[in-house]
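Data file: protein.txt. Format and content: compact mmCIF, C-alpha atoms and all ligand atoms.
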```txt
# COMPACT_ATOMS: atom_id res chain seq x y z
CA MET A 121 72.88 56.76 122.07
CA GLU A 122 71.22 60.12 121.58
CA THR A 123 68.71 61.65 123.96
CA ILE A 124 66.63 64.04 121.88
CA LEU A 125 64.93 66.79 123.85
CA VAL A 126 62.19 68.79 122.15
CA LEU A 127 61.75 72.16 123.82
CA ALA A 128 58.54 74.11 123.50
CA HIS A 129 56.76 76.96 125.20
CA THR A 130 53.00 77.12 125.53
CA GLU A 131 50.89 79.73 123.75
CA ALA A 132 48.66 82.20 125.61
CA ASP A 133 45.84 79.62 125.76
CA GLY A 134 48.12 76.93 127.22
CA SER A 135 48.32 74.87 124.02
CA LEU A 136 51.32 74.18 121.79
CA GLY A 137 51.63 76.23 118.61
CA LYS A 138 52.19 75.03 115.07
CA ALA A 139 55.96 75.60 115.16
CA ALA A 140 56.28 73.51 118.33
CA LEU A 141 54.26 70.67 116.80
CA GLU A 142 56.41 70.78 113.65
CA THR A 143 59.55 70.50 115.78
CA LEU A 144 58.04 67.53 117.59
CA GLY A 145 57.18 65.95 114.22
CA ALA A 146 60.80 66.38 113.05
CA ALA A 147 62.15 65.01 116.35
CA LYS A 148 59.94 61.92 116.16
CA THR A 149 61.18 61.15 112.64
CA LEU A 150 64.78 61.70 113.74
CA SER A 151 64.36 59.51 116.79
CA ALA A 152 62.80 56.72 114.72
CA SER A 153 65.81 56.70 112.41
CA LEU A 154 68.47 56.82 115.16
CA ALA A 155 68.69 53.37 116.73
CA GLY A 156 68.62 53.43 120.53
CA SER A 157 67.69 57.09 120.78
CA THR A 158 65.28 58.42 123.39
CA LEU A 159 62.70 61.15 122.81
CA VAL A 160 62.03 63.58 125.67
CA VAL A 161 59.83 66.68 125.62
CA GLY A 162 60.43 69.76 127.80
CA LEU A 163 57.60 72.27 128.15
CA ILE A 164 57.71 75.81 129.53
CA GLY A 165 54.67 77.88 130.54
CA THR A 166 52.37 78.99 133.29
CA GLU A 167 50.76 75.59 133.25
CA VAL A 168 51.98 72.77 131.02
CA GLN A 169 49.54 69.91 131.68
CA ALA A 170 47.18 70.84 128.83
CA ALA A 171 50.09 71.02 126.37
CA ALA A 172 51.41 67.68 127.63
CA ASN A 173 47.97 66.12 127.14
CA GLN A 174 47.89 67.54 123.60
CA ILE A 175 51.00 65.50 122.72
CA ALA A 176 50.29 62.48 124.91
CA ALA A 177 50.40 60.21 121.85
CA ALA A 178 53.82 61.45 120.68
CA GLY A 179 55.58 58.52 122.31
CA ALA A 180 57.99 60.60 124.41
CA ALA A 181 59.82 58.58 127.05
CA ARG A 182 59.58 61.53 129.46
CA LEU A 183 57.55 64.74 129.53
CA LEU A 184 59.34 67.38 131.57
CA GLY A 185 57.89 70.75 132.51
CA VAL A 186 59.00 74.06 133.95
CA ALA A 187 55.77 75.69 135.07
CA GLY A 188 54.70 78.78 136.97
CA ALA A 189 53.31 82.27 136.50
CA GLU A 190 56.87 83.59 136.24
CA PHE A 191 57.35 81.48 133.07
CA ALA A 192 54.27 82.85 131.33
CA GLN A 193 56.13 85.73 129.75
CA PRO A 194 58.87 85.52 127.18
CA ARG A 195 61.82 86.93 129.14
CA TYR A 196 65.47 86.07 128.59
CA SER A 197 66.48 85.82 132.25
CA SER A 198 63.76 83.34 133.23
CA ASP A 199 63.55 81.40 129.97
CA VAL A 200 67.32 80.80 129.87
CA LEU A 201 67.20 79.16 133.30
CA ALA A 202 64.19 77.06 132.25
CA VAL A 203 65.93 75.81 129.10
CA GLU A 204 69.12 75.08 131.03
CA ALA A 205 67.20 73.15 133.70
CA LEU A 206 65.29 71.11 131.12
CA GLY A 207 68.46 70.32 129.16
CA LYS A 208 70.17 69.07 132.33
CA ALA A 209 67.14 67.17 133.65
CA ALA A 210 66.81 65.34 130.34
CA ALA A 211 70.59 64.78 130.04
CA ALA A 212 69.92 65.79 126.45
CA THR A 213 72.53 65.24 123.75
CA ILE A 214 70.40 66.85 121.01
CA ILE A 215 68.00 69.69 121.78
CA LEU A 216 65.49 70.72 119.12
CA ALA A 217 63.43 73.87 119.52
CA PRO A 218 61.12 75.80 117.21
CA ALA A 219 62.70 79.01 115.90
CA THR A 220 60.07 81.23 117.52
CA SER A 221 61.12 84.69 118.65
CA ARG A 222 60.85 83.49 122.26
CA MET A 223 63.15 80.51 121.71
CA ASN A 224 65.55 82.32 119.38
CA ARG A 225 66.11 84.89 122.11
CA VAL A 226 67.42 82.39 124.68
CA LEU A 227 68.75 79.35 122.87
CA ALA A 228 72.28 80.62 122.25
CA GLY A 229 72.70 81.72 125.89
CA ALA A 230 71.28 78.48 127.22
CA THR A 231 73.62 76.50 124.92
CA GLN A 232 76.56 78.36 126.39
CA ARG A 233 75.38 77.48 129.91
CA LEU A 234 75.02 73.82 128.90
CA GLY A 235 78.49 73.76 127.32
CA GLY A 236 77.01 72.83 123.95
CA ARG A 237 76.98 74.14 120.40
CA ILE A 238 74.06 75.60 118.49
CA ASP A 239 72.88 75.79 114.88
CA THR A 240 70.10 78.23 114.05
CA HIS A 241 67.90 78.69 110.98
CA ALA A 242 67.94 74.93 110.38
CA THR A 243 65.36 73.77 107.84
CA GLY A 244 65.63 70.09 108.68
CA ILE A 245 67.35 67.44 110.76
CA ALA A 246 67.65 63.82 109.70
CA ALA A 247 69.89 60.82 110.22
CA ALA A 248 72.46 60.19 107.49
CA ASP A 249 74.53 57.00 107.90
CA GLY A 250 73.30 56.67 111.46
CA LYS A 251 74.41 60.19 112.38
CA PRO A 252 72.13 63.21 112.78
CA ALA A 253 72.69 66.03 110.29
CA VAL A 254 71.14 69.46 110.02
CA THR A 255 70.14 71.16 106.77
CA ARG A 256 70.51 74.90 106.45
CA TRP A 257 70.67 77.50 103.65
CA TYR A 258 73.40 80.06 103.07
CA TYR A 259 74.01 83.04 100.81
CA ARG A 260 70.39 84.19 100.64
CA GLN A 261 69.10 80.66 100.27
CA ARG A 262 71.19 79.84 97.20
CA MET A 263 73.35 77.14 98.77
CA GLU A 264 72.11 74.35 100.98
CA ALA A 265 74.55 72.84 103.47
CA VAL A 266 74.25 69.64 105.47
CA LEU A 267 76.10 69.89 108.78
CA SER A 268 76.80 67.52 111.59
CA ARG A 269 78.58 67.97 114.90
CA THR A 270 80.23 65.71 117.42
CA GLN A 271 79.88 68.20 120.31
CA ARG A 272 77.03 67.50 122.71
CA PRO A 273 74.62 68.86 123.64
CA TRP A 274 73.87 70.02 120.14
CA VAL A 275 71.09 72.60 120.07
CA VAL A 276 69.16 73.16 116.85
CA ALA A 277 66.57 75.88 116.19
CA LEU A 278 64.20 74.63 113.48
CA GLU A 279 62.51 77.12 111.16
CA SER A 280 58.75 76.85 110.89
CA GLY A 281 57.03 75.51 107.80
CA CYS A 282 59.72 72.94 107.04
CA SER A 283 58.44 69.79 108.78
CA ALA A 284 55.05 68.13 109.09
CA ALA A 285 53.42 69.02 112.40
CA PHE A 286 52.81 66.21 114.88
CA ALA A 287 49.13 65.26 114.88
CA GLY A 288 47.95 62.71 117.38
CA ALA A 289 45.01 62.19 119.66
CA ALA A 290 45.10 64.05 122.96
CA GLY A 291 45.31 61.95 126.10
CA GLN A 292 46.31 62.09 129.73
CA ALA A 293 50.05 62.61 130.13
CA ALA A 294 52.22 62.44 133.24
CA VAL A 295 54.48 65.48 133.54
CA GLU A 296 57.66 65.51 135.64
CA LEU A 297 57.97 69.07 136.91
CA VAL A 298 61.51 70.40 137.01
CA PRO A 299 62.02 72.99 139.76
CA VAL A 300 63.80 76.20 138.76
CA ALA A 301 64.86 78.67 141.44
CA LEU A 302 64.24 82.10 139.97
CA PRO A 303 65.99 84.93 141.85
CA ALA A 304 64.17 88.28 141.97
CA ALA A 305 66.90 89.75 139.76
CA HIS A 306 65.73 87.39 136.99
CA GLN A 307 62.20 88.77 137.09
CA ARG A 308 62.81 92.47 136.60
CA THR A 309 61.64 92.56 132.97
CA THR A 310 57.87 92.51 132.51
CA VAL A 311 55.89 92.40 129.29
CA THR A 312 53.28 95.11 129.81
CA GLY A 313 51.39 94.58 126.57
CA ILE A 314 51.66 93.62 122.95
CA GLN A 315 51.38 96.08 120.11
CA ALA A 316 50.65 94.34 116.85
CA PRO A 317 48.89 95.43 113.68
CA SER A 318 45.40 94.04 113.21
CA ALA A 319 45.10 90.97 110.99
CA ASP A 320 44.09 93.10 108.01
CA GLU A 321 46.96 95.56 108.41
CA GLN A 322 49.41 92.68 108.67
CA THR A 323 50.06 91.95 105.02
CA ILE A 324 52.96 89.50 105.42
CA ARG A 325 51.37 86.11 106.04
CA PRO A 326 53.94 83.30 105.77
CA ASP A 327 51.26 80.62 106.11
CA ALA A 328 49.09 81.92 103.25
CA LYS A 329 48.64 79.64 100.22
CA LEU A 330 49.13 82.53 97.79
CA LEU A 331 51.83 85.18 97.50
CA PHE A 332 50.47 88.26 95.71
CA VAL A 333 53.27 90.45 94.37
CA ALA A 334 52.70 94.06 93.40
CA GLY A 335 55.30 95.68 91.17
CA ALA A 336 56.10 99.29 90.34
CA GLY A 337 53.70 99.21 87.38
CA TRP A 338 50.80 99.84 89.79
CA THR A 339 52.11 103.36 90.36
CA LYS A 340 53.19 104.11 86.77
CA LYS A 341 51.26 106.19 84.21
CA GLN A 342 48.60 104.08 82.57
CA ALA A 343 47.02 104.22 79.09
CA ASP A 344 45.18 107.47 79.96
CA GLY A 345 48.51 109.17 80.78
CA GLN A 346 47.71 109.26 84.51
CA ALA A 347 48.95 107.26 87.51
CA HIS A 348 46.23 105.64 89.62
CA ALA A 349 47.92 104.84 92.92
CA ALA A 350 44.77 105.36 95.00
CA GLU A 351 42.81 102.87 92.89
CA ALA A 352 45.77 100.48 92.93
CA GLU A 353 45.70 100.56 96.75
CA GLN A 354 42.00 99.87 96.77
CA ILE A 355 42.28 96.93 94.34
CA ILE A 356 45.25 95.34 96.09
CA LEU A 357 43.83 95.73 99.61
CA GLY A 358 40.46 94.48 98.35
CA PHE A 359 42.09 91.32 96.98
CA LEU A 360 44.17 90.76 100.14
CA GLY A 361 41.15 91.32 102.36
CA GLN A 362 39.11 88.71 100.51
CA THR A 363 41.80 86.08 100.03
CA LYS A 364 44.11 86.65 103.04
CA SER A 365 47.05 86.20 100.67
CA SER A 366 50.50 87.39 101.65
CA LEU A 367 51.68 90.62 100.03
CA GLY A 368 55.06 90.81 98.33
CA SER A 369 56.66 93.66 96.45
CA THR A 370 59.48 94.46 94.10
CA LYS A 371 62.42 96.58 95.14
CA SER A 372 61.42 99.28 92.66
CA LEU A 373 58.03 99.70 94.27
CA VAL A 374 59.24 99.89 97.87
CA ASP A 375 62.05 102.25 96.88
CA LEU A 376 59.67 104.70 95.17
CA SER A 377 58.73 106.55 98.34
CA GLY A 378 62.36 107.67 98.63
CA GLU A 379 62.11 109.09 95.12
CA GLY A 380 59.03 111.21 95.86
CA GLN A 381 56.74 109.25 93.51
CA GLN A 382 53.20 108.09 94.18
CA VAL A 383 53.41 105.10 96.47
CA LEU A 384 51.28 102.39 98.00
CA LYS A 385 51.21 103.40 101.67
CA PHE A 386 50.90 99.91 103.13
CA MET A 387 54.06 98.68 101.39
CA SER A 388 57.39 98.57 103.22
CA HIS A 389 60.81 97.04 102.62
CA LEU A 390 59.64 94.06 104.69
CA ASN A 391 57.40 93.12 101.74
CA GLN A 392 60.30 93.01 99.28
CA ILE A 393 60.88 89.67 97.59
CA GLY A 394 64.17 88.89 95.88
CA GLN A 395 67.91 88.91 96.06
CA THR A 396 67.98 91.67 98.65
CA GLY A 397 64.55 90.79 100.04
CA ALA A 398 62.75 87.70 101.24
CA THR A 399 62.50 84.18 99.78
CA PRO A 400 59.09 83.05 101.05
CA ARG A 401 57.51 79.60 100.68
CA HIS A 402 53.97 79.64 99.34
CA ALA A 403 52.21 77.08 97.19
CA LYS A 404 51.31 79.67 94.55
CA GLY A 405 52.40 83.14 93.48
CA LEU A 406 50.76 85.82 91.36
CA ALA A 407 52.90 88.73 90.16
CA THR A 408 51.12 91.86 88.98
CA CYS A 409 52.62 94.93 87.28
CA CYS A 410 56.03 93.43 87.92
CA HIS A 411 58.60 92.91 85.20
CA GLY A 412 60.06 89.71 86.66
CA GLU A 413 63.74 90.62 86.57
CA GLU A 414 66.17 88.06 87.91
CA PRO A 415 67.04 89.91 91.17
CA HIS A 416 63.32 89.79 91.94
CA THR A 417 62.41 86.28 90.72
CA VAL A 418 65.35 84.74 92.58
CA GLY A 419 63.16 85.27 95.66
CA TRP A 420 60.48 83.06 94.07
CA ARG A 421 62.68 79.96 94.24
CA PHE A 422 60.35 78.11 96.59
CA ILE A 423 57.05 79.20 95.03
CA ASN A 424 55.65 76.10 93.34
CA GLU A 425 53.19 77.56 90.84
CA ARG A 426 53.91 80.98 89.36
CA ARG A 427 51.62 83.25 87.40
CA ALA A 428 52.08 86.84 86.29
CA ILE A 429 49.94 89.59 84.78
CA ASN A 430 51.82 92.07 82.62
CA LEU A 431 50.93 94.32 79.70
CA ASN A 432 54.20 93.42 78.07
CA ALA A 433 54.30 90.01 76.33
CA ALA A 434 58.09 90.27 76.26
CA CYS A 435 58.49 90.91 79.99
CA SER A 436 60.93 88.79 81.90
CA TRP A 437 58.21 86.45 83.25
CA ALA A 438 57.76 85.29 79.63
CA GLN A 439 61.35 84.03 79.61
CA GLY A 440 60.48 80.77 81.35
CA LYS A 441 60.03 82.30 84.81
CA ALA A 442 56.26 81.91 85.05
CA ASP A 443 54.03 78.88 84.46
CA VAL A 444 51.34 81.19 83.10
CA LEU A 445 51.68 84.76 81.89
CA TYR A 446 48.47 86.72 81.35
CA VAL A 447 49.23 89.53 78.89
CA ALA A 448 46.65 91.95 80.24
CA ASP A 449 46.01 95.08 82.23
CA ALA A 450 46.37 94.11 85.90
CA PHE A 451 43.96 96.87 86.95
CA ALA A 452 41.21 95.35 84.77
CA VAL A 453 42.00 91.74 85.69
CA MET A 454 42.19 92.31 89.44
CA ARG A 455 39.10 94.53 89.44
CA LYS A 456 37.21 91.62 87.83
CA VAL A 457 38.77 89.06 90.20
CA ASN A 458 37.67 91.14 93.21
CA GLU A 459 34.20 91.39 91.76
CA LEU A 460 33.99 87.60 91.33
CA LEU A 461 35.34 87.01 94.84
CA ALA A 462 32.79 89.42 96.32
CA ALA A 463 29.98 87.64 94.49
CA LYS A 464 31.00 84.26 95.91
C1 LIG B 1 71.97 94.39 93.39
C2 LIG B 1 70.51 94.42 93.08
C3 LIG B 1 69.63 93.80 93.93
C4 LIG B 1 68.26 93.84 93.67
N1 LIG B 1 67.42 93.18 94.54
C5 LIG B 1 66.09 93.15 94.23
C6 LIG B 1 65.18 92.46 95.08
O1 LIG B 1 65.55 91.89 96.11
N2 LIG B 1 63.88 92.46 94.75
C7 LIG B 1 63.41 93.10 93.62
O2 LIG B 1 62.20 93.07 93.38
N3 LIG B 1 64.25 93.77 92.84
C8 LIG B 1 65.58 93.81 93.11
N4 LIG B 1 66.41 94.51 92.29
C9 LIG B 1 65.80 95.35 91.25
C10 LIG B 1 65.38 94.56 90.02
O3 LIG B 1 66.49 94.37 89.18
C11 LIG B 1 64.29 95.32 89.25
O4 LIG B 1 64.72 96.63 89.02
C12 LIG B 1 62.95 95.39 89.97
O5 LIG B 1 62.57 94.11 90.42
C13 LIG B 1 61.91 95.93 89.00
O6 LIG B 1 60.70 96.13 89.68
P1 LIG B 1 59.32 96.14 88.90
O7 LIG B 1 59.22 94.93 88.06
O8 LIG B 1 58.26 96.37 89.93
O9 LIG B 1 59.37 97.49 88.07
P2 LIG B 1 59.53 97.78 86.53
O10 LIG B 1 60.78 97.18 85.99
O11 LIG B 1 59.35 99.24 86.38
O12 LIG B 1 58.32 97.00 85.85
C14 LIG B 1 57.01 97.42 85.94
C15 LIG B 1 56.19 96.47 85.11
O13 LIG B 1 54.81 96.79 85.25
C16 LIG B 1 54.18 96.49 84.03
N5 LIG B 1 52.90 97.22 84.03
C17 LIG B 1 52.66 98.55 84.09
N6 LIG B 1 51.34 98.80 84.10
C18 LIG B 1 50.72 97.62 84.05
C19 LIG B 1 49.35 97.22 84.03
N7 LIG B 1 48.35 98.11 84.08
N8 LIG B 1 49.07 95.88 84.00
C20 LIG B 1 50.06 94.97 83.95
N9 LIG B 1 51.36 95.28 83.95
C21 LIG B 1 51.69 96.59 84.00
C22 LIG B 1 55.17 96.96 82.98
O14 LIG B 1 54.91 96.33 81.74
C23 LIG B 1 56.50 96.53 83.62
O15 LIG B 1 56.89 95.24 83.17
C24 LIG B 1 67.78 94.50 92.54
C25 LIG B 1 68.68 95.13 91.67
C26 LIG B 1 70.03 95.09 91.93
C27 LIG B 1 70.95 95.77 90.99
```
Re-express the file's structure as structure tokens.
Amino acid sequence: METILVLAHTEADGSLGKAALETLGAAKTLSASLAGSTLVVGLIGTEVQAAANQIAAAGAARLLGVAGAEFAQPRYSSDVLAVEALGKAAAATIILAPATSRMNRVLAGATQRLGGRIDTHATGIAAADGKPAVTRWYYRQRMEAVLSRTQRPWVVALESGCSAAFAGAAGQAAVELVPVALPAAHQRTTVTGIQAPSADEQTIRPDAKLLFVAGAGWTKKQADGQAHAAEAEQIILGFLGQTKSSLGSTKSLVDLSGEGQQVLKFMSHLNQIGQTGATPRHAKGLATCCHGEEPHTVGWRFINERRAINLNAACSWAQGKADVLYVADAFAVMRKVNELLAAK
């Protein structure tokens, strides 16, 4: 009989974030398919009542909480004790947590303290033949493995965007607070502030519906014999600003700065999509000024609908890699698209 503990930390406003609700959704499905299993939720934060109320309808047998000002901040030394205490209080055999940076930081250490085993980067957990099994990708998301373990507790960090988030009416929940003695030595680290780019500077948006890929063509000489990197920047940023799409790049484009060529200043290696870059999951993708070579398009594996704009009708996107290829000048097309968006 499995006891499934869902671990989650509260957000700054005291609520549970999307990743936590997705993990709860996955845990509920797992619990429903494992006969005799029990679902328990463990919350960590300054105050956990509001979060507990948010998931009152989740059907958890117990709602545990580690609460206090000292648990407001993501800090290894306090979070690891909180996770350990919740795991023990729940007598959990399976612990599911969202793969947030806060949880990823402490889960392995807490697993060691609980004498368990951990799997990270899981994209799913489900019962197969009455036994829970985790799904995870290997070799740059080319091979999918299904793993199960007999060791308990079994801790699993679930990636975001892979399960449907729990959605239920809020209610009044009863929380069992779990006391955690926190020695002064566990409180030495303090988060003094957060430095993050503003929403418009942050061009990687995993939750965006559209992935907009810019290729090296944006910086190459155009029909007039000149490169137009400054205008390219303006067009691309204009489109991103209006649509809040996520920005991807080819390796050639992000490598250009090292070769002393004209570059798009907001582009970094973090934007690179492909074999040696990222493999994002967006509903749609639009590639512009990008040839569509295999090492790049391999990173489009999870993009459902693919379109490309290229001057060259024989580019690689035309070889069955795109649903629609517009043989056109991306400068002209995107200028017009921006104009239409602005007029909306
Ligand atoms: C081991 C290895 C790993 C690699 N990993 C990756 C990876 O992870 N990601 C990746 O992206 N690449 C990767 N590559 C590189 C990859 O093979 C290609 O070289 C790269 O993707 C090409 O980038 P590009 O299409 O932007 O540039 P180019 O090949 O230079 O293509 C530019 C395109 O822009 C078009 N163009 C120019 N002007 C316009 C215009 N005005 N309108 C419309 N179209 C225009 C041109 O027709 C051309 O097709 C890897 C290569 C190797 C060997």
task: Write out as a PyMOL selection string which residues come within 12 Å of Ile314 of chain A when counting all atoms listed in the file, dropping same-chain ones fewer than 3 positions away.
output: chain A and resi 193-194+310-311+317-318
field: Separation of atom CA of Arg256 of chain A from atom CA of Ala178 of chain A, in Å and rounded to one decimal
entry: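 We find that atom CA of Arg256 of chain A and atom CA of Ala178 of chain A lie 25.7 Å from each other.
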- request: May I ask which of the residues A:Phe191, A:Tyr446, A:Phe359, A:Phe422 is the closest one to ligand LIG 1 (chain B), counting all atoms listed in the file?
  value: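 Selected residue with least distance to ligand LIG 1 (chain B): A:Tyr446.
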query: Near Val457 of chain A, counting only C-alpha atoms, which residues have an atom at most 12 Å away, once you skip same-chain residues fewer than 3 positions from it, shown as a VMD selection string?
result: chain A and resid 355 to 356 358 to 360 362 to 363 450 to 454 460 to 464
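Computed from the coordinates, the atom CA of Lys138 of chain A to atom CA of Ala294 of chain A distance equals 22.1 Å.
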Contacts to ligand LIG 1 (chain B) at 9 Å cut-off (all atoms listed in the file) as a CSV table (one decimal) with C-alpha atoms, in the frame of the given file:
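Result written to pocket.csv:
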```csv
chain,number,residue,atom,x,y,z
A,333,VAL,CA,53.3,90.4,94.4
A,334,ALA,CA,52.7,94.1,93.4
A,335,GLY,CA,55.3,95.7,91.2
A,336,ALA,CA,56.1,99.3,90.3
A,337,GLY,CA,53.7,99.2,87.4
A,338,TRP,CA,50.8,99.8,89.8
A,339,THR,CA,52.1,103.4,90.4
A,340,LYS,CA,53.2,104.1,86.8
A,341,LYS,CA,51.3,106.2,84.2
A,342,GLN,CA,48.6,104.1,82.6
A,343,ALA,CA,47.0,104.2,79.1
A,368,GLY,CA,55.1,90.8,98.3
A,369,SER,CA,56.7,93.7,96.4
A,370,THR,CA,59.5,94.5,94.1
A,371,LYS,CA,62.4,96.6,95.1
A,372,SER,CA,61.4,99.3,92.7
A,373,LEU,CA,58.0,99.7,94.3
A,374,VAL,CA,59.2,99.9,97.9
A,392,GLN,CA,60.3,93.0,99.3
A,393,ILE,CA,60.9,89.7,97.6
A,394,GLY,CA,64.2,88.9,95.9
A,395,GLN,CA,67.9,88.9,96.1
A,396,THR,CA,68.0,91.7,98.6
A,397,GLY,CA,64.6,90.8,100.0
A,398,ALA,CA,62.8,87.7,101.2
A,408,THR,CA,51.1,91.9,89.0
A,409,CYS,CA,52.6,94.9,87.3
A,410,CYS,CA,56.0,93.4,87.9
A,411,HIS,CA,58.6,92.9,85.2
A,412,GLY,CA,60.1,89.7,86.7
A,413,GLU,CA,63.7,90.6,86.6
A,414,GLU,CA,66.2,88.1,87.9
A,415,PRO,CA,67.0,89.9,91.2
A,416,HIS,CA,63.3,89.8,91.9
A,417,THR,CA,62.4,86.3,90.7
A,418,VAL,CA,65.4,84.7,92.6
A,419,GLY,CA,63.2,85.3,95.7
A,428,ALA,CA,52.1,86.8,86.3
A,429,ILE,CA,49.9,89.6,84.8
A,430,ASN,CA,51.8,92.1,82.6
A,431,LEU,CA,50.9,94.3,79.7
A,432,ASN,CA,54.2,93.4,78.1
A,433,ALA,CA,54.3,90.0,76.3
A,434,ALA,CA,58.1,90.3,76.3
A,435,CYS,CA,58.5,90.9,80.0
A,436,SER,CA,60.9,88.8,81.9
A,437,TRP,CA,58.2,86.4,83.2
A,446,TYR,CA,48.5,86.7,81.4
A,447,VAL,CA,49.2,89.5,78.9
A,448,ALA,CA,46.6,92.0,80.2
A,449,ASP,CA,46.0,95.1,82.2
A,450,ALA,CA,46.4,94.1,85.9
A,451,PHE,CA,44.0,96.9,87.0
A,452,ALA,CA,41.2,95.4,84.8
A,453,VAL,CA,42.0,91.7,85.7
```
